[in-house]
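Presented below is the structure to which this report refers.
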Amino acid sequence: MAAIRWVVLAYIVVIGCATIARGDEQPLSRIAIERATVAAVDSASVKAQPTVLGLKGQSSDWVVVEFSHPKPSNDDWIGVFSPSRFSSEICQPEYYGDLPPYLCTSPIKFQYANFNNADYNRSGKGLLRLQLINQREDFSFALFSGGLSAPKLIAISNKVSFQNPKAPVYPRLAQGKSWNEMTVTWTSGYSIKEAIPFVEWGHKGGNQMLSPAGTLTFSRNSMCGSPARTVGWRDPGYIHTSFLKELWPDSLYTYRLGHRLLDGTHIWSKSYSFRASPYPGQDSVQRVVIFGDMGKAEIDGSDEYGNYEQASLYTTNQLIKELDSIDMVIHIGDLSYANGYLSQWDQFTQQIEPIASTVPYMIGSGNHERDWPGSGSFYGHNDSGGECGVPTQTMFYVPAENRAKLWYSTDYGMFRFCIADTEQDWRPGTEQYKFIEQCLSSVDRSKQPWLIFLAHRVLGYSSASWYEIMMGSYGEPMGRDGLEELWQKYKVDLAVFGHIHSYERTCPIYQNRCVQDGSNLYTGQFNATTHVIVGGGGAMLSPFRATVPYWSFFRDYDFGFSKLTALNHSTLLFEYKKSRDGKVYDHFTISRDYRDIMACSIDNCPRTTLAV
Ligand SMILES: [Fe+2]
């Protein structure tokens with residue numbers, strides 16, 4: 001039995017090292033929770049203050065954690081636990097017969113004891129300033145020695161709690177199934193037995209009305225594997241969604257989240273506002289930001305190693321800065337990189353709150369949301385850390401027929417977006433392929449000239465070295481099978497992908513041929529689809545191949561996002577901006593009238609009859 005355990009541990013270590021090298025692993029996965037032991041030291045201490053957070057109703061706050069250790073070392077670290085009780089007394093083993101680990105849950109964040117304090121190793125006295133967000137439960141802080149690979153629990157702090165841990169938080173807007181419907185989804189600690197969830201909303205300055213909300217949650221049993229089912233599990237609370245209907249195009253609305261308790265009192269969030277979507281085909285300036293692979297990061301510097309995901313804060317902050325000139329955001333997969341550490345979904349929704357509570361925040365499904373062996377995902381890897389899509393499809397609304405199949409279309413004024421789910425089969429003959437053709441073919445291009453295809457993995461063209469090394473290809477194997485014909489037939493202006501963490505733009509390309517030279521200005525008839533990769537949202541950058549393929553027009557090894565501006569029915573401006581400064585580093589304009597879209601190019605028109 002002991003021998004088997006050692007084999008298992010060795011396997012974990014090997015896999016752990018391999019995945020760290022990939023650069024898209026969750027920092028919390030570095031902590032060997034299963035190996036934690038107790039080595040309490042009476043003279044060690046940890047103290048956190050203040051003990052009550054959010055006294056002004058805010059959903060994030062700061063604590064000061066002071067600690068001392070008689071035998072300090074550079075390996076010492078502080079783990080933040082929530083709920084505050086985290087010993088094995090409160091968790092069940094995954095398999096009958098197993099003993100639960102001493103720590104039954106991962107911390108929600110961690111920091112080394114000597115962070116910004118080189119003297120700790122000598123004095124044994126340290127102090128950390130940490131930001132906490134409201135996550136429905138209380139917190140405690142634990143001092144460990146032994147590093148992350150062999151944690152020894154030395155001392156535990158007092159408890160800290162938000163004033164109202166159950167408060168409604170982190171609203172995220174999403175387009176509904178029709179153009180004049182906005183959905184708002186949020187998280188709270190109130191079950192439907194305790195309180196009735198709703199949204200109070202209306203025209204800015206006008207009468208406010210109430211709309212009911214539906215409530216969802218999910219359990220540990222709906223996770224597919226570890227760590228989501230084991231040390232990464234954390235109760236997600238309750239996820240509420242309300243449907244705000246019959247909106248007036250472009251009108252400004254205000255809203256706030258409410259819960260009516262059984263005793264008749266109300267709990268309110270703060271007030272937010274949004275602008276309703278334009279009527280499909282409406283001629284007005286419309287601006288949509290698209291990127292992938294952002295992740296989350298801690299502003300207090302915790303959880304950090306290398307520069308992993310810190311750049312997600314550049315992207316988030318830049319988008320907040322220019323929010324006045326953004327109408328919608330599409331985050332095409334690899335959202336939080338929670339990777340089975342469920343607490344991180346709260347951190348992610350908190351990080352994007354200023355954006356997502358103001359403009360629709362539409363999502364796509366990525367490998368880090370969905371993939372798990374034997375769970376029906378197209379790829380049988382373990383990239384979701386056992387989540388197998390459940391947190392994503394519960395915590396974010398998308399106007400899909402079935403949120404477990406995360407493909408859908410959404411219109412925004414002169415744009416039609418067809419969003420595919422690369423983690424499920426898209427090839428000809430599948431249900432998803434039928435959807436893609438339906439989405440592309442059903443748009444009236446005289447009213448909505450700008451047709452955009454979106455997906456997480458690169459179904460088009462990428463010169464990333466990852467595809468070269470792993471697959472010897474320029475994109476997902478079978479990625480273009482059948483789809484390239486659809487993009488050409490239905491004259492898709494842009495195909496936008498993530499997954500590769502950098503920026504790249506191709507010439508207008510069809511079947512490996514530049515139908516037109518790459519340019520900053522395309523005029524006249526449609527020739528072929530331009531492919532763009534904008535996966536530099538924040539996760540560690542992906543290098544390019546050494547050689548630049550003939551079809552690769554612009555590459556940038558940096559963090560950034562794209563912004564599409566429909567100026568009118570004839571002019572689309574595409575911009576690529578770096579997250580670090582918000583400046584434009586690549587751009588192009590498509591100038592095209594309806595008759596140019598109708599005109600034929602290669603393989604995109606039916607044969608006309610010769611009859612007279
Ligand atoms: Fe990905």
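By order in the structure tokens, chains are A, B, ...; within a chain, residues start at 1; ligands start at 1, following the order shown.
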Residues at most 6 Å from ligand 1, using only C-alpha atoms and all ligand atoms? Could they come as a ChimeraX atom specification? /A:334,366-367,499
How would the residues just chosen look if you wrote them out with N, CA and C atoms as an mmCIF file, in the first residue's frame?
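Okay, again-v8.cif is ready:
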```
data_model
loop_
_atom_site.group_PDB
_atom_site.id
_atom_site.type_symbol
_atom_site.label_atom_id
_atom_site.label_comp_id
_atom_site.auth_asym_id
_atom_site.auth_seq_id
_atom_site.Cartn_x
_atom_site.Cartn_y
_atom_site.Cartn_z
ATOM 1 N N ASP A 334 -10.944 30.319 -22.046
ATOM 2 C CA ASP A 334 -9.903 30.392 -21.037
ATOM 3 C C ASP A 334 -10.123 31.674 -20.234
ATOM 4 N N GLY A 366 -13.382 27.495 -23.405
ATOM 5 C CA GLY A 366 -12.008 27.118 -23.729
ATOM 6 C C GLY A 366 -11.655 25.791 -23.083
ATOM 7 N N ASN A 367 -10.460 25.305 -23.373
ATOM 8 C CA ASN A 367 -10.027 24.037 -22.793
ATOM 9 C C ASN A 367 -9.962 24.107 -21.276
ATOM 10 N N HIS A 499 -6.462 30.983 -27.458
ATOM 11 C CA HIS A 499 -5.705 29.766 -27.144
ATOM 12 C C HIS A 499 -4.193 29.973 -27.272
#
```
Find the nearest atom pair between each residue of range 274-391 of chain A and range 176-185 of chain A for residues within 7 Å, count only C-alpha atoms, give distances in Å to one decimal, sort rows by chain and ascending number, and present the table as JSON lines.
```
{"residue": "A:Ser277", "atom": "CA", "partner": "A:Trp179", "partner_atom": "CA", "distance": 6.6}
{"residue": "A:Tyr279", "atom": "CA", "partner": "A:Trp179", "partner_atom": "CA", "distance": 6.6}
{"residue": "A:Pro280", "atom": "CA", "partner": "A:Trp179", "partner_atom": "CA", "distance": 7.0}
```
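Within 9 Å of Ser157 in chain A, once only C-alpha atoms are used and residues closer than 4 positions along the same chain are dropped, the contacting residues are Ser45, Val46, Lys47, Ala48, Val65, Phe67, Ser140, Phe141, Ala142 and Leu143 of chain A.
The smallest atom-to-atom distance between Leu130 in chain A and any of A:Ile108, A:Leu247, A:Val41, A:Val285, using only C-alpha atoms, is found for A:Ile108.
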Residues near Cys224 in chain A, anyone? I mean within 9 Å using only C-alpha atoms, not counting same-chain ones fewer than 2 positions away, as a list in words. Arg220, Asn221, Ser222, Ser226, Ala228, Arg229, Trp372, Pro373, Gly374, Ser375, Gly385, Gly386, Glu387 and Cys388 of chain A
CA of Pro236 in chain A and CA of Thr349 in chain A are how many Å apart? 11.9 Å
Atom pair CA of Arg129 in chain A + CA of Pro171 in chain A, distance 26.6 Å
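With CA of Glu575 in chain A on one side and CA of Phe274 in chain A on the other, the separation reads 23.9 Å.
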Do a neighbour search on Tyr255 in chain A at 8 Å with only C-alpha atoms, toss out local chain neighbours closer than 6 positions, and write the hits as a ChimeraX atom specification. /A:199-202,271-273
Run DSSP on the backbone of this structure and report the residues of range 189-433 of chain A it assigns to alpha helix (DSSP H), as a ChimeraX atom specification. /A:311-321,343-351,353-356,367-370,390-395,431-433
Dump C-alpha atoms for the selected residues as a PDB file, in the first residue's frame?
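Output file result_5.pdb follows:
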```pdb
ATOM      1  CA  ALA A 311      -0.820  40.795 -17.262  1.00  0.00           C
ATOM      2  CA  SER A 312      -4.520  40.028 -16.904  1.00  0.00           C
ATOM      3  CA  LEU A 313      -4.599  43.099 -14.681  1.00  0.00           C
ATOM      4  CA  TYR A 314      -3.120  45.197 -17.527  1.00  0.00           C
ATOM      5  CA  THR A 315      -5.949  44.059 -19.793  1.00  0.00           C
ATOM      6  CA  THR A 316      -8.653  44.509 -17.171  1.00  0.00           C
ATOM      7  CA  ASN A 317      -7.401  47.955 -16.165  1.00  0.00           C
ATOM      8  CA  GLN A 318      -7.034  49.118 -19.765  1.00  0.00           C
ATOM      9  CA  LEU A 319     -10.579  48.037 -20.589  1.00  0.00           C
ATOM     10  CA  ILE A 320     -11.891  49.834 -17.503  1.00  0.00           C
ATOM     11  CA  LYS A 321     -10.021  52.959 -18.626  1.00  0.00           C
ATOM     12  CA  SER A 343     -12.614  29.826  -5.201  1.00  0.00           C
ATOM     13  CA  GLN A 344     -10.950  31.471  -8.187  1.00  0.00           C
ATOM     14  CA  TRP A 345     -14.248  32.000 -10.014  1.00  0.00           C
ATOM     15  CA  ASP A 346     -15.208  34.530  -7.350  1.00  0.00           C
ATOM     16  CA  GLN A 347     -11.864  36.290  -7.821  1.00  0.00           C
ATOM     17  CA  PHE A 348     -12.379  36.355 -11.591  1.00  0.00           C
ATOM     18  CA  THR A 349     -15.932  37.698 -11.475  1.00  0.00           C
ATOM     19  CA  GLN A 350     -14.765  40.304  -8.947  1.00  0.00           C
ATOM     20  CA  GLN A 351     -11.875  41.369 -11.193  1.00  0.00           C
ATOM     21  CA  GLU A 353     -16.995  43.437 -12.327  1.00  0.00           C
ATOM     22  CA  PRO A 354     -16.393  47.060 -13.439  1.00  0.00           C
ATOM     23  CA  ILE A 355     -16.550  45.873 -17.074  1.00  0.00           C
ATOM     24  CA  ALA A 356     -19.126  43.099 -16.884  1.00  0.00           C
ATOM     25  CA  ASN A 367     -10.027  24.037 -22.793  1.00  0.00           C
ATOM     26  CA  HIS A 368      -9.538  25.381 -19.264  1.00  0.00           C
ATOM     27  CA  GLU A 369     -13.291  25.565 -18.820  1.00  0.00           C
ATOM     28  CA  ARG A 370     -14.347  22.302 -20.365  1.00  0.00           C
ATOM     29  CA  VAL A 390     -20.088  23.178 -15.011  1.00  0.00           C
ATOM     30  CA  PRO A 391     -18.918  26.367 -13.215  1.00  0.00           C
ATOM     31  CA  THR A 392     -18.664  28.279 -16.513  1.00  0.00           C
ATOM     32  CA  GLN A 393     -22.071  27.379 -17.837  1.00  0.00           C
ATOM     33  CA  THR A 394     -23.643  28.096 -14.438  1.00  0.00           C
ATOM     34  CA  MET A 395     -21.865  31.335 -13.564  1.00  0.00           C
ATOM     35  CA  GLU A 431     -24.955  19.352 -34.431  1.00  0.00           C
ATOM     36  CA  GLN A 432     -22.507  22.234 -33.993  1.00  0.00           C
ATOM     37  CA  TYR A 433     -21.623  22.351 -37.680  1.00  0.00           C
TER      38      TYR A 433
END
```
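Proximity ranking of A:Ile290, A:Val38, A:Ile156, A:Met471 relative to Lys577 in chain A places A:Ile290 first, based on only C-alpha atoms.
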Taking 4 positions as the minimum chain separation for residues in the same chain, which residues sit within 12 Å of Asp42 in chain A when counting only C-alpha atoms? Answer as a PyMOL selection string. chain A and resi 46+68-71+153-156
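Comparing the minimum interatomic distances between Leu440 in chain A and each of A:Ala44, A:Lys563, A:Phe415, A:Arg85, counting only C-alpha atoms, we find that A:Phe415 sits nearest.
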Please list as a ChimeraX atom specification every residue within 6 Å of range 295-299 of chain A, counting only C-alpha atoms and excluding residues in the same chain fewer than 6 positions away. /A:309-310,312,335-337,348
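For the set A:Gln286, A:His531, A:Lys204, A:Ser73, the residue with the smallest atom-to-atom gap to Ile452 in chain A is A:His531, counting only C-alpha atoms.
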